[in-house]
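Peer 1: File upload.cif follows (mmCIF, C-alpha atoms and all ligand atoms):
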data_structure
loop_
_atom_site.label_atom_id
_atom_site.label_comp_id
_atom_site.auth_asym_id
_atom_site.auth_seq_id
_atom_site.Cartn_x
_atom_site.Cartn_y
_atom_site.Cartn_z
CA MET A 19 0.00 0.00 0.00
CA THR A 20 1.10 3.50 -0.78
CA HIS A 21 1.94 6.43 1.40
CA ILE A 22 2.32 9.77 -0.39
CA GLU A 23 4.58 12.61 0.74
CA VAL A 24 4.47 16.13 -0.64
CA ASP A 25 7.64 17.70 0.69
CA SER A 26 8.31 21.47 0.44
CA LEU A 27 6.55 21.69 -2.92
CA THR A 28 6.85 24.95 -4.82
CA LYS A 29 5.58 25.57 -8.35
CA ARG A 30 6.16 28.78 -10.26
CA TYR A 31 4.81 29.74 -13.66
CA GLY A 32 7.15 32.56 -14.65
CA ASP A 33 6.70 35.18 -11.91
CA LEU A 34 3.52 33.60 -10.59
CA LEU A 35 3.91 31.55 -7.43
CA ALA A 36 1.13 28.97 -7.84
CA VAL A 37 2.21 26.74 -4.92
CA ASN A 38 4.37 28.13 -2.15
CA ASN A 39 6.48 25.59 -0.26
CA ILE A 40 3.75 23.27 1.00
CA SER A 41 4.15 19.91 2.74
CA PHE A 42 1.67 17.23 3.71
CA GLU A 43 1.35 13.45 3.71
CA VAL A 44 -1.40 11.10 2.66
CA ALA A 45 -1.55 7.90 4.66
CA GLU A 46 -2.29 4.46 3.25
CA GLU A 47 -6.05 4.15 2.69
CA GLU A 48 -6.61 7.80 3.56
CA PHE A 49 -9.04 10.03 1.65
CA LEU A 50 -7.53 13.51 1.67
CA THR A 51 -9.20 16.50 0.03
CA ILE A 52 -7.56 19.74 -1.02
CA VAL A 53 -10.10 22.58 -0.88
CA GLY A 54 -9.83 26.27 -1.50
CA PRO A 55 -11.07 29.03 -3.79
CA SER A 56 -10.38 29.17 -7.50
CA GLY A 57 -6.71 29.79 -8.30
CA CYS A 58 -5.36 28.81 -4.86
CA GLY A 59 -3.10 26.09 -6.29
CA LYS A 60 -5.13 22.90 -5.73
CA THR A 61 -4.91 21.60 -9.28
CA THR A 62 -1.24 22.47 -9.59
CA THR A 63 -0.51 20.50 -6.41
CA LEU A 64 -2.43 17.48 -7.72
CA ARG A 65 -0.72 17.69 -11.10
CA CYS A 66 2.67 17.66 -9.38
CA ILE A 67 1.67 14.53 -7.44
CA ALA A 68 0.51 12.98 -10.72
CA GLY A 69 3.67 13.86 -12.63
CA LEU A 70 1.76 16.07 -15.07
CA GLU A 71 3.80 19.04 -13.84
CA THR A 72 7.40 19.20 -12.66
CA PRO A 73 7.82 21.01 -9.33
CA SER A 74 10.03 24.11 -9.31
CA GLU A 75 11.28 22.94 -5.91
CA GLY A 76 10.50 20.14 -3.50
CA HIS A 77 9.83 16.44 -3.76
CA ILE A 78 7.01 13.96 -4.21
CA ARG A 79 7.58 10.54 -2.65
CA PHE A 80 5.57 7.33 -2.87
CA ASN A 81 6.46 4.94 -0.05
CA GLY A 82 9.60 6.91 0.63
CA GLU A 83 10.79 6.65 -2.96
CA ASP A 84 11.39 9.96 -4.74
CA VAL A 85 9.15 10.04 -7.84
CA THR A 86 9.53 13.77 -8.56
CA GLU A 87 11.17 13.04 -11.92
CA VAL A 88 9.19 9.88 -12.77
CA PRO A 89 6.91 10.45 -15.80
CA VAL A 90 3.14 10.25 -15.28
CA ASN A 91 2.77 6.98 -17.20
CA ASP A 92 5.21 5.20 -14.91
CA ARG A 93 3.44 6.16 -11.67
CA ASN A 94 0.45 3.80 -12.04
CA LEU A 95 -2.16 6.23 -10.79
CA ALA A 96 -5.92 6.23 -11.11
CA MET A 97 -6.90 9.69 -12.32
CA MET A 98 -10.31 11.22 -12.69
CA PHE A 99 -10.95 14.73 -13.90
CA GLN A 100 -13.90 17.02 -14.50
CA SER A 101 -14.04 16.30 -18.22
CA ILE A 102 -14.53 12.61 -18.64
CA ALA A 103 -12.65 12.06 -21.91
CA LEU A 104 -13.90 8.61 -22.86
CA TYR A 105 -13.01 7.57 -26.42
CA PRO A 106 -16.30 7.93 -28.35
CA HIS A 107 -15.40 5.42 -31.08
CA MET A 108 -14.56 2.66 -28.60
CA THR A 109 -17.01 0.45 -26.72
CA LEU A 110 -17.04 0.59 -22.93
CA GLN A 111 -15.07 -2.66 -22.89
CA GLU A 112 -12.38 -1.04 -25.06
CA ASN A 113 -12.43 2.18 -23.08
CA ILE A 114 -11.92 0.44 -19.75
CA GLU A 115 -9.32 -1.88 -21.26
CA TYR A 116 -7.28 0.90 -22.81
CA PRO A 117 -4.81 1.56 -19.95
CA LEU A 118 -3.99 -2.16 -19.88
CA LYS A 119 -3.51 -2.32 -23.63
CA VAL A 120 -1.04 0.53 -23.48
CA LYS A 121 0.91 -1.48 -20.92
CA ASP A 122 0.82 -4.60 -23.14
CA VAL A 123 -1.10 -6.68 -20.63
CA PRO A 124 -2.05 -9.98 -22.38
CA LYS A 125 -5.59 -10.15 -23.77
CA ALA A 126 -6.99 -12.83 -21.44
CA GLU A 127 -5.76 -10.91 -18.39
CA ARG A 128 -7.21 -7.70 -19.81
CA ARG A 129 -10.65 -9.26 -20.27
CA LYS A 130 -10.60 -10.59 -16.73
CA ARG A 131 -9.61 -7.27 -15.18
CA VAL A 132 -12.16 -5.31 -17.25
CA LYS A 133 -14.88 -7.71 -16.11
CA GLU A 134 -13.90 -7.24 -12.46
CA ALA A 135 -13.79 -3.46 -12.75
CA ALA A 136 -17.12 -3.35 -14.59
CA GLU A 137 -18.70 -5.59 -11.97
CA LEU A 138 -17.38 -3.34 -9.26
CA MET A 139 -19.11 -0.44 -11.00
CA GLN A 140 -22.22 -2.53 -11.76
CA MET A 141 -21.73 -1.93 -15.47
CA ASP A 142 -20.88 -5.42 -16.64
CA GLU A 143 -24.10 -5.68 -18.68
CA GLU A 144 -23.26 -2.63 -20.77
CA LEU A 145 -19.74 -3.33 -21.99
CA ASP A 146 -20.73 -3.45 -25.68
CA LYS A 147 -22.26 0.02 -25.62
CA TYR A 148 -20.61 3.21 -26.82
CA PRO A 149 -20.09 6.25 -24.52
CA GLY A 150 -22.45 8.37 -26.64
CA ASN A 151 -25.38 6.21 -25.48
CA LEU A 152 -24.71 6.82 -21.78
CA SER A 153 -25.85 9.47 -19.31
CA GLY A 154 -23.29 11.75 -17.63
CA GLY A 155 -23.40 9.62 -14.47
CA GLN A 156 -22.88 6.37 -16.39
CA GLN A 157 -19.97 7.91 -18.27
CA GLN A 158 -18.40 8.90 -14.96
CA ARG A 159 -18.82 5.30 -13.73
CA VAL A 160 -16.99 4.04 -16.81
CA ALA A 161 -14.25 6.56 -16.16
CA LEU A 162 -14.06 5.25 -12.60
CA ALA A 163 -13.90 1.64 -13.84
CA ARG A 164 -11.09 2.66 -16.20
CA THR A 165 -9.15 4.20 -13.32
CA VAL A 166 -9.30 1.07 -11.16
CA VAL A 167 -8.58 -1.52 -13.85
CA GLY A 168 -4.82 -1.04 -13.73
CA ASP A 169 -4.48 -1.82 -10.01
CA PRO A 170 -3.41 1.74 -9.21
CA VAL A 171 -1.21 2.77 -6.28
CA ALA A 172 -3.29 5.90 -5.59
CA PHE A 173 -6.37 7.84 -6.74
CA LEU A 174 -6.06 11.42 -7.89
CA MET A 175 -9.28 13.28 -8.62
CA ASP A 176 -9.82 16.86 -9.71
CA GLU A 177 -13.41 18.12 -9.43
CA PRO A 178 -14.81 14.91 -10.99
CA LEU A 179 -18.38 15.80 -9.99
CA SER A 180 -18.60 19.38 -11.14
CA ASP A 181 -20.35 18.64 -14.45
CA LEU A 182 -23.04 16.47 -12.84
CA ASP A 183 -26.47 17.50 -11.56
CA ALA A 184 -27.16 17.48 -7.82
CA LYS A 185 -28.65 13.97 -7.68
CA LEU A 186 -25.92 12.36 -9.77
CA LYS A 187 -23.30 14.16 -7.72
CA ILE A 188 -24.46 12.34 -4.60
CA GLU A 189 -24.61 9.01 -6.43
CA ILE A 190 -21.11 9.24 -7.91
CA ARG A 191 -19.75 10.66 -4.65
CA LYS A 192 -20.90 7.47 -2.88
CA GLU A 193 -19.52 5.36 -5.72
CA ILE A 194 -16.08 7.00 -5.39
CA GLN A 195 -16.07 6.36 -1.65
CA ARG A 196 -17.13 2.76 -2.15
CA ILE A 197 -14.38 2.11 -4.70
CA HIS A 198 -11.80 3.86 -2.55
CA ALA A 199 -12.74 1.77 0.48
CA ARG A 200 -12.62 -1.37 -1.65
CA ILE A 201 -9.23 -0.68 -3.25
CA GLY A 202 -7.71 0.67 -0.04
CA GLU A 203 -5.12 2.96 -1.64
CA PRO A 204 -4.77 6.66 -0.76
CA ALA A 205 -6.95 9.22 -2.52
CA VAL A 206 -6.21 12.88 -3.13
CA TYR A 207 -9.32 14.76 -4.16
CA VAL A 208 -9.50 18.37 -5.31
CA THR A 209 -12.60 20.52 -5.02
CA HIS A 210 -13.63 24.12 -4.39
CA ASP A 211 -16.81 22.76 -2.79
CA GLN A 212 -16.40 22.60 0.97
CA GLU A 213 -19.50 20.46 1.37
CA GLU A 214 -18.06 17.80 -0.94
CA ALA A 215 -14.82 17.96 1.03
CA MET A 216 -16.64 17.59 4.36
CA THR A 217 -18.72 14.60 3.30
CA MET A 218 -16.02 12.55 1.57
CA SER A 219 -12.76 13.06 3.40
CA ASP A 220 -10.79 11.75 6.32
CA ARG A 221 -8.69 14.91 6.35
CA ILE A 222 -8.84 18.25 4.58
CA VAL A 223 -6.09 20.55 3.37
CA VAL A 224 -7.40 24.12 3.11
CA MET A 225 -5.37 26.15 0.59
CA ASN A 226 -5.36 29.87 -0.13
CA ASP A 227 -3.10 31.74 -2.48
CA GLY A 228 -0.57 28.91 -2.89
CA ASN A 229 -0.30 28.28 0.86
CA ILE A 230 -1.81 25.78 3.28
CA GLU A 231 -4.05 27.50 5.83
CA GLN A 232 -4.86 24.35 7.78
CA ILE A 233 -4.66 20.56 7.61
CA GLY A 234 -6.90 18.48 9.81
CA GLY A 235 -9.75 16.05 10.22
CA VAL A 236 -13.17 17.14 9.01
CA ASP A 237 -14.49 17.86 12.51
CA GLU A 238 -11.31 19.56 13.64
CA VAL A 239 -11.23 22.00 10.74
CA TYR A 240 -14.90 22.82 11.32
CA GLN A 241 -14.71 23.11 15.09
CA TYR A 242 -11.25 24.63 15.45
CA PRO A 243 -10.60 26.68 12.31
CA ALA A 244 -7.03 27.98 12.50
CA ASN A 245 -8.00 31.41 11.23
CA MET A 246 -10.78 33.53 9.76
CA PHE A 247 -10.10 32.30 6.23
CA VAL A 248 -10.74 28.67 7.21
CA ALA A 249 -13.67 29.65 9.44
CA GLU A 250 -15.30 31.47 6.56
CA PHE A 251 -14.50 28.87 3.89
CA ILE A 252 -15.61 25.78 5.80
CA GLY A 253 -19.30 25.74 6.73
CA ASN A 254 -22.29 26.89 4.76
CA PRO A 255 -23.58 29.58 5.13
CA SER A 256 -20.27 31.13 6.18
CA MET A 257 -19.41 32.10 9.74
CA ASN A 258 -20.41 35.64 10.81
CA PHE A 259 -17.80 38.02 12.20
CA VAL A 260 -18.49 40.98 14.47
CA ARG A 261 -15.83 43.33 15.78
CA CYS A 262 -16.02 43.60 19.59
CA SER A 263 -13.98 44.94 22.43
CA LEU A 264 -12.35 42.37 24.66
CA GLU A 265 -13.11 42.94 28.34
CA SER A 266 -11.11 40.03 29.69
CA LEU A 267 -9.45 36.86 28.48
CA GLY A 268 -8.63 34.14 30.98
CA THR A 269 -7.47 30.58 30.54
CA ASP A 270 -10.98 29.18 30.47
CA ASP A 271 -13.32 32.09 29.95
CA ALA A 272 -13.59 35.37 28.07
CA ARG A 273 -15.77 38.49 28.20
CA VAL A 274 -16.51 40.65 25.20
CA ALA A 275 -18.66 43.73 24.73
CA ALA A 276 -20.65 43.99 21.53
CA ASP A 277 -23.15 46.69 20.66
CA GLY A 278 -23.71 47.60 24.31
CA SER A 279 -24.12 44.11 25.78
CA ILE A 280 -21.55 41.96 27.48
CA VAL A 281 -21.21 38.28 26.82
CA GLU A 282 -19.19 35.91 28.90
CA PHE A 283 -18.29 32.51 27.56
CA PRO A 284 -16.21 29.45 28.30
CA ILE A 285 -13.18 28.69 26.12
CA GLU A 286 -11.80 25.27 25.36
CA ARG A 287 -8.51 26.02 23.64
CA ARG A 288 -6.66 29.29 23.71
CA ALA A 289 -3.73 30.49 21.61
CA ASP A 290 -0.92 32.15 23.56
CA GLY A 291 0.28 35.67 23.23
CA PHE A 292 -2.75 37.75 22.23
CA THR A 293 -2.62 41.12 23.97
CA GLY A 294 -4.98 43.33 21.94
CA ASP A 295 -8.22 44.82 23.21
CA SER A 296 -10.24 44.44 20.05
CA VAL A 297 -11.31 41.03 18.70
CA MET A 298 -13.40 39.54 15.94
CA LEU A 299 -16.20 37.49 17.39
CA GLY A 300 -17.14 34.54 15.16
CA VAL A 301 -20.51 32.82 15.23
CA ARG A 302 -21.88 30.28 12.79
CA PRO A 303 -25.34 31.01 11.32
CA ASP A 304 -26.59 27.72 12.84
CA ASN A 305 -25.88 29.12 16.30
CA VAL A 306 -27.64 32.45 15.92
CA ASP A 307 -30.96 32.40 17.74
CA LEU A 308 -33.70 34.91 16.94
CA SER A 309 -36.36 33.47 19.23
CA GLY A 310 -35.71 36.16 21.85
CA THR A 311 -35.23 33.60 24.61
CA GLY A 312 -31.44 33.31 25.04
CA HIS A 313 -28.84 35.79 26.28
CA SER A 314 -29.28 38.76 23.97
CA LEU A 315 -26.06 39.91 22.32
CA LEU A 316 -26.99 42.20 19.44
CA SER A 317 -30.06 43.61 17.80
CA GLY A 318 -30.80 44.37 14.20
CA ARG A 319 -33.36 44.46 11.43
CA LEU A 320 -34.36 41.28 9.66
CA SER A 321 -33.94 42.37 6.07
CA LEU A 322 -34.46 39.06 4.26
CA LEU A 323 -35.95 35.66 5.03
CA GLU A 324 -35.36 32.82 2.56
CA ALA A 325 -36.87 29.34 2.80
CA LEU A 326 -34.36 26.45 2.70
CA GLY A 327 -36.11 23.12 3.23
CA ASN A 328 -37.09 22.89 6.88
CA GLN A 329 -35.02 25.94 7.83
CA SER A 330 -35.00 29.59 6.84
CA LEU A 331 -31.96 31.72 6.14
CA ALA A 332 -32.37 35.11 7.80
CA THR A 333 -30.25 38.14 6.93
CA ILE A 334 -29.97 40.73 9.69
CA ASP A 335 -28.58 44.24 9.27
CA GLY A 336 -27.13 46.24 12.12
CA PRO A 337 -24.37 48.75 12.90
CA TYR A 338 -21.90 45.82 12.92
CA GLY A 339 -22.74 44.89 9.30
CA GLU A 340 -24.74 41.95 8.01
CA LEU A 341 -25.30 38.64 9.82
CA SER A 342 -26.83 35.38 8.65
CA ALA A 343 -28.89 33.06 10.80
CA LEU A 344 -30.29 29.62 10.09
CA ILE A 345 -33.55 29.41 11.98
CA PRO A 346 -36.43 26.92 12.14
CA ARG A 347 -38.86 27.27 9.25
CA ASP A 348 -41.80 27.70 11.63
CA SER A 349 -40.13 30.55 13.49
CA ASP A 350 -42.51 33.53 13.89
CA VAL A 351 -40.06 36.33 13.01
CA GLU A 352 -41.04 38.55 10.08
CA GLU A 353 -39.13 40.33 7.35
CA GLY A 354 -38.70 44.05 7.96
CA THR A 355 -39.00 43.82 11.76
CA ASP A 356 -36.42 44.36 14.50
CA VAL A 357 -35.00 41.23 16.12
CA THR A 358 -32.76 40.43 19.05
CA ILE A 359 -29.89 38.08 18.42
CA SER A 360 -28.89 35.54 21.01
CA VAL A 361 -26.05 33.08 20.76
CA ASP A 362 -25.10 30.03 22.72
CA PRO A 363 -21.89 31.34 24.37
CA SER A 364 -20.18 27.96 24.08
CA GLU A 365 -20.39 28.23 20.28
CA LEU A 366 -18.49 31.52 19.97
CA TYR A 367 -15.03 32.01 18.46
CA LEU A 368 -12.52 34.81 18.96
CA PHE A 369 -10.06 35.85 16.28
CA ASP A 370 -7.18 38.30 16.27
CA PRO A 371 -8.36 41.11 13.93
CA ASP A 372 -4.80 41.74 12.70
CA SER A 373 -3.34 38.29 12.11
CA GLU A 374 -6.86 36.79 11.65
CA ASN A 375 -5.70 33.75 13.65
CA LEU A 376 -7.95 31.95 16.11
CA ILE A 377 -7.47 33.13 19.68
CA ALA A 378 -10.10 30.95 21.35
P1 LIG B 401 -9.36 26.19 -9.96
O1 LIG B 401 -10.27 25.69 -8.89
O2 LIG B 401 -9.86 27.44 -10.62
O3 LIG B 401 -8.90 25.14 -10.92
P2 LIG B 401 -6.89 25.91 -8.47
O4 LIG B 401 -6.97 26.17 -7.02
O5 LIG B 401 -6.90 24.51 -8.91
O6 LIG B 401 -8.04 26.71 -9.19
P3 LIG B 401 -4.51 26.19 -10.01
O7 LIG B 401 -5.19 25.73 -11.28
O8 LIG B 401 -3.59 25.26 -9.36
O9 LIG B 401 -5.60 26.66 -8.96
O10 LIG B 401 -3.77 27.55 -10.34
C1 LIG B 401 -2.98 28.25 -9.41
C2 LIG B 401 -2.44 29.48 -10.08
O11 LIG B 401 -1.52 29.11 -11.10
C3 LIG B 401 -3.50 30.31 -10.77
O12 LIG B 401 -3.18 31.66 -10.62
C4 LIG B 401 -3.39 29.89 -12.22
O13 LIG B 401 -3.81 30.92 -13.08
C5 LIG B 401 -1.92 29.61 -12.36
N1 LIG B 401 -1.62 28.57 -13.37
C6 LIG B 401 -2.07 27.29 -13.34
N2 LIG B 401 -1.59 26.60 -14.40
C7 LIG B 401 -0.82 27.47 -15.10
C8 LIG B 401 -0.05 27.35 -16.30
N3 LIG B 401 0.05 26.21 -16.98
N4 LIG B 401 0.59 28.45 -16.72
C9 LIG B 401 0.53 29.63 -16.06
N5 LIG B 401 -0.18 29.79 -14.91
C10 LIG B 401 -0.86 28.73 -14.44
#
Before anything else, please render the file you have as structure tokens.

Peer 2:
Amino acid sequence: MTHIEVDSLTKRYGDLLAVNNISFEVAEEEFLTIVGPSGCGKTTTLRCIAGLETPSEGHIRFNGEDVTEVPVNDRNLAMMFQSIALYPHMTLQENIEYPLKVKDVPKAERRKRVKEAAELMQMDEELDKYPGNLSGGQQQRVALARTVVGDPVAFLMDEPLSDLDAKLKIEIRKEIQRIHARIGEPAVYVTHDQEEAMTMSDRIVVMNDGNIEQIGGVDEVYQYPANMFVAEFIGNPSMNFVRCSLESLGTDDARVAADGSIVEFPIERRADGFTGDSVMLGVRPDNVDLSGTGHSLLSGRLSLLEALGNQSLATIDGPYGELSALIPRDSDVEEGTDVTISVDPSELYLFDPDSENLIA
């Protein structure tokens, strides 16, 4: 089984620093997702792991062996990209078989491996069809079968679901996880969609502007975002931030004053060294309560109420800016009225407004 190391990887295109000295490892059997906004360097990182790009500096190792200079075709990787690129003039059998043919695997062995891969994808009845006769989801399944047929040492996927509709996305997402669990090799998955990252991964690498902002388990990155960038990127709708003055900061509690009211809350982890008196208070929309029952923190005007399944997304305007709240659909607040905002103090975050790093 394979263990992947990305060691001090830098990639420049002329003057542009696409990836800036990043390091991380992918354990055997691990599903690791690189997320971040468009242009942050996700694809470039994946292409360096694949051997489709040569790093400007740094090393890629598989099982401790330096493969930085090994060409893509000699790395035995399963790759899946946004555009499916099946050969339209070949049957599904021929499409799935193609990587084996290129490697001169004998015909009988090829047939056997194609059958296994097609069975794994539940497509063994359709091997005589041509790609043109298939739906987008079926084509993606063939592409997945083609990636696993060569007994790959790792899976590399770049936004493979982005061309699919919402229902198919969920179906193929499950399929990818099933195949990954079955094959047991590491997977590196690239997406700009934090929800996809959260549902599929063991760990997440959050990238921004060529750098890694945070690496961690799904729950860790959500619960303990290293900084405001991660806090805002992970979670939907995004975390709200309100500038407050810091009244006191102890080892296990803090007091802040916002818009005239004081809130005191327990803290679980605290970064050392913060000495400022102004902080950014972070609160996720799920933890904003408009029912008027909790400890009131702010007030504002409910400017917009949008239905989202069994919840509503409320937008509140106040002197601090705009806040979002996810509230029960049957909540009796009304658009255009004034509301009081309560938060569960244990769900609050504090960030340093200068460095934007998490304080508590
Ligand atoms: P997206 O989600 O939009 O694909 P990304 O996070 O995958 O974005 P990259 O495609 O890795 O980002 O690009 C990182 C930066 O490098 C971008 O500024 C991009 O324009 C630049 N870049 C990528 N490939 C090349 C190339 N072949 N030549 C020049 N610049 C490139």

Peer 1: Find the spatial neighbours of region 196-201 of chain A, counting all atoms listed in the file, within a cut-off of 8 Å - ignore same-chain residues fewer than 6 positions away - and output them as a short mmCIF file (atom, residue, chain, number, x, y, z; two decimals) with C-alpha atoms, in the frame of the given file.

Peer 2:
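Output file out29.cif follows:
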data_model
loop_
_atom_site.label_atom_id
_atom_site.label_comp_id
_atom_site.auth_asym_id
_atom_site.auth_seq_id
_atom_site.Cartn_x
_atom_site.Cartn_y
_atom_site.Cartn_z
CA GLU A 47 -6.05 4.15 2.69
CA PHE A 49 -9.04 10.03 1.65
CA LEU A 138 -17.38 -3.34 -9.26
CA PHE A 173 -6.37 7.84 -6.74
#

Peer 1: Could you tell me, as a VMD selection string, which residues have any atom at most 12 Å from (-17.0, 0.8, -14.2), counting all atoms listed in the file?

Peer 2: chain A and resid 110 to 115 131 to 145 155 to 167 190 193 to 194 197

Peer 1: Enclose all atoms of region 174-186 of chain A listed in the file in an axis-aligned box, grow every side by 3 Å, and hand back centre and edge lengths in Å to one decimal, as JSON.

Peer 2:
{"center_x": -17.4, "center_y": 15.4, "center_z": -11.1, "size_x": 28.6, "size_y": 14.0, "size_z": 12.8}

Peer 1: Name all residues at most 12 Å from Ala249 (chain A) (count all atoms listed in the file; drop same-chain ones fewer than 5 positions away) and give them as a ChimeraX atom specification.

Peer 2: /A:212,224,231-232,238-244,254-259,298-303,366-369,374-376

Peer 1: For CA of Ser373 (chain A) and CA of Leu267 (chain A), determine how far apart the two atoms are, in Å to one decimal place.

Peer 2: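 Atom-to-atom, CA of Ser373 (chain A) to CA of Leu267 (chain A), that is 17.5 Å.
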
Peer 1: Would you mind completing region 213-227 of chain A so that it carries N, CA and C atoms, and writing it out as a CSV table (one decimal), in the coordinates of the input?

Peer 2:
chain,number,residue,atom,x,y,z
A,213,GLU,N,-18.6,21.5,0.9
A,213,GLU,CA,-19.5,20.5,1.4
A,213,GLU,C,-19.0,19.1,0.9
A,214,GLU,N,-18.6,19.0,-0.4
A,214,GLU,CA,-18.1,17.8,-0.9
A,214,GLU,C,-16.9,17.3,-0.1
A,215,ALA,N,-16.0,18.3,0.2
A,215,ALA,CA,-14.8,18.0,1.0
A,215,ALA,C,-15.2,17.4,2.4
A,216,MET,N,-16.2,18.0,3.0
A,216,MET,CA,-16.6,17.6,4.4
A,216,MET,C,-17.3,16.2,4.3
A,217,THR,N,-18.0,15.9,3.3
A,217,THR,CA,-18.7,14.6,3.3
A,217,THR,C,-17.8,13.4,2.9
A,218,MET,N,-16.8,13.7,2.1
A,218,MET,CA,-16.0,12.6,1.6
A,218,MET,C,-14.7,12.2,2.3
A,219,SER,N,-14.2,13.2,3.0
A,219,SER,CA,-12.8,13.1,3.4
A,219,SER,C,-12.5,12.5,4.8
A,220,ASP,N,-11.3,12.0,5.0
A,220,ASP,CA,-10.8,11.8,6.3
A,220,ASP,C,-10.2,13.0,6.8
A,221,ARG,N,-9.3,13.6,6.0
A,221,ARG,CA,-8.7,14.9,6.4
A,221,ARG,C,-8.8,15.9,5.2
A,222,ILE,N,-8.7,17.2,5.6
A,222,ILE,CA,-8.8,18.2,4.6
A,222,ILE,C,-7.6,19.1,4.6
A,223,VAL,N,-7.1,19.5,3.5
A,223,VAL,CA,-6.1,20.6,3.4
A,223,VAL,C,-6.8,21.8,2.8
A,224,VAL,N,-6.8,22.9,3.6
A,224,VAL,CA,-7.4,24.1,3.1
A,224,VAL,C,-6.3,25.0,2.5
A,225,MET,N,-6.4,25.3,1.2
A,225,MET,CA,-5.4,26.2,0.6
A,225,MET,C,-5.9,27.5,0.3
A,226,ASN,N,-5.0,28.5,0.2
A,226,ASN,CA,-5.4,29.9,-0.1
A,226,ASN,C,-4.1,30.5,-0.7
A,227,ASP,N,-4.2,31.0,-1.9
A,227,ASP,CA,-3.1,31.7,-2.5
A,227,ASP,C,-1.8,31.0,-2.5
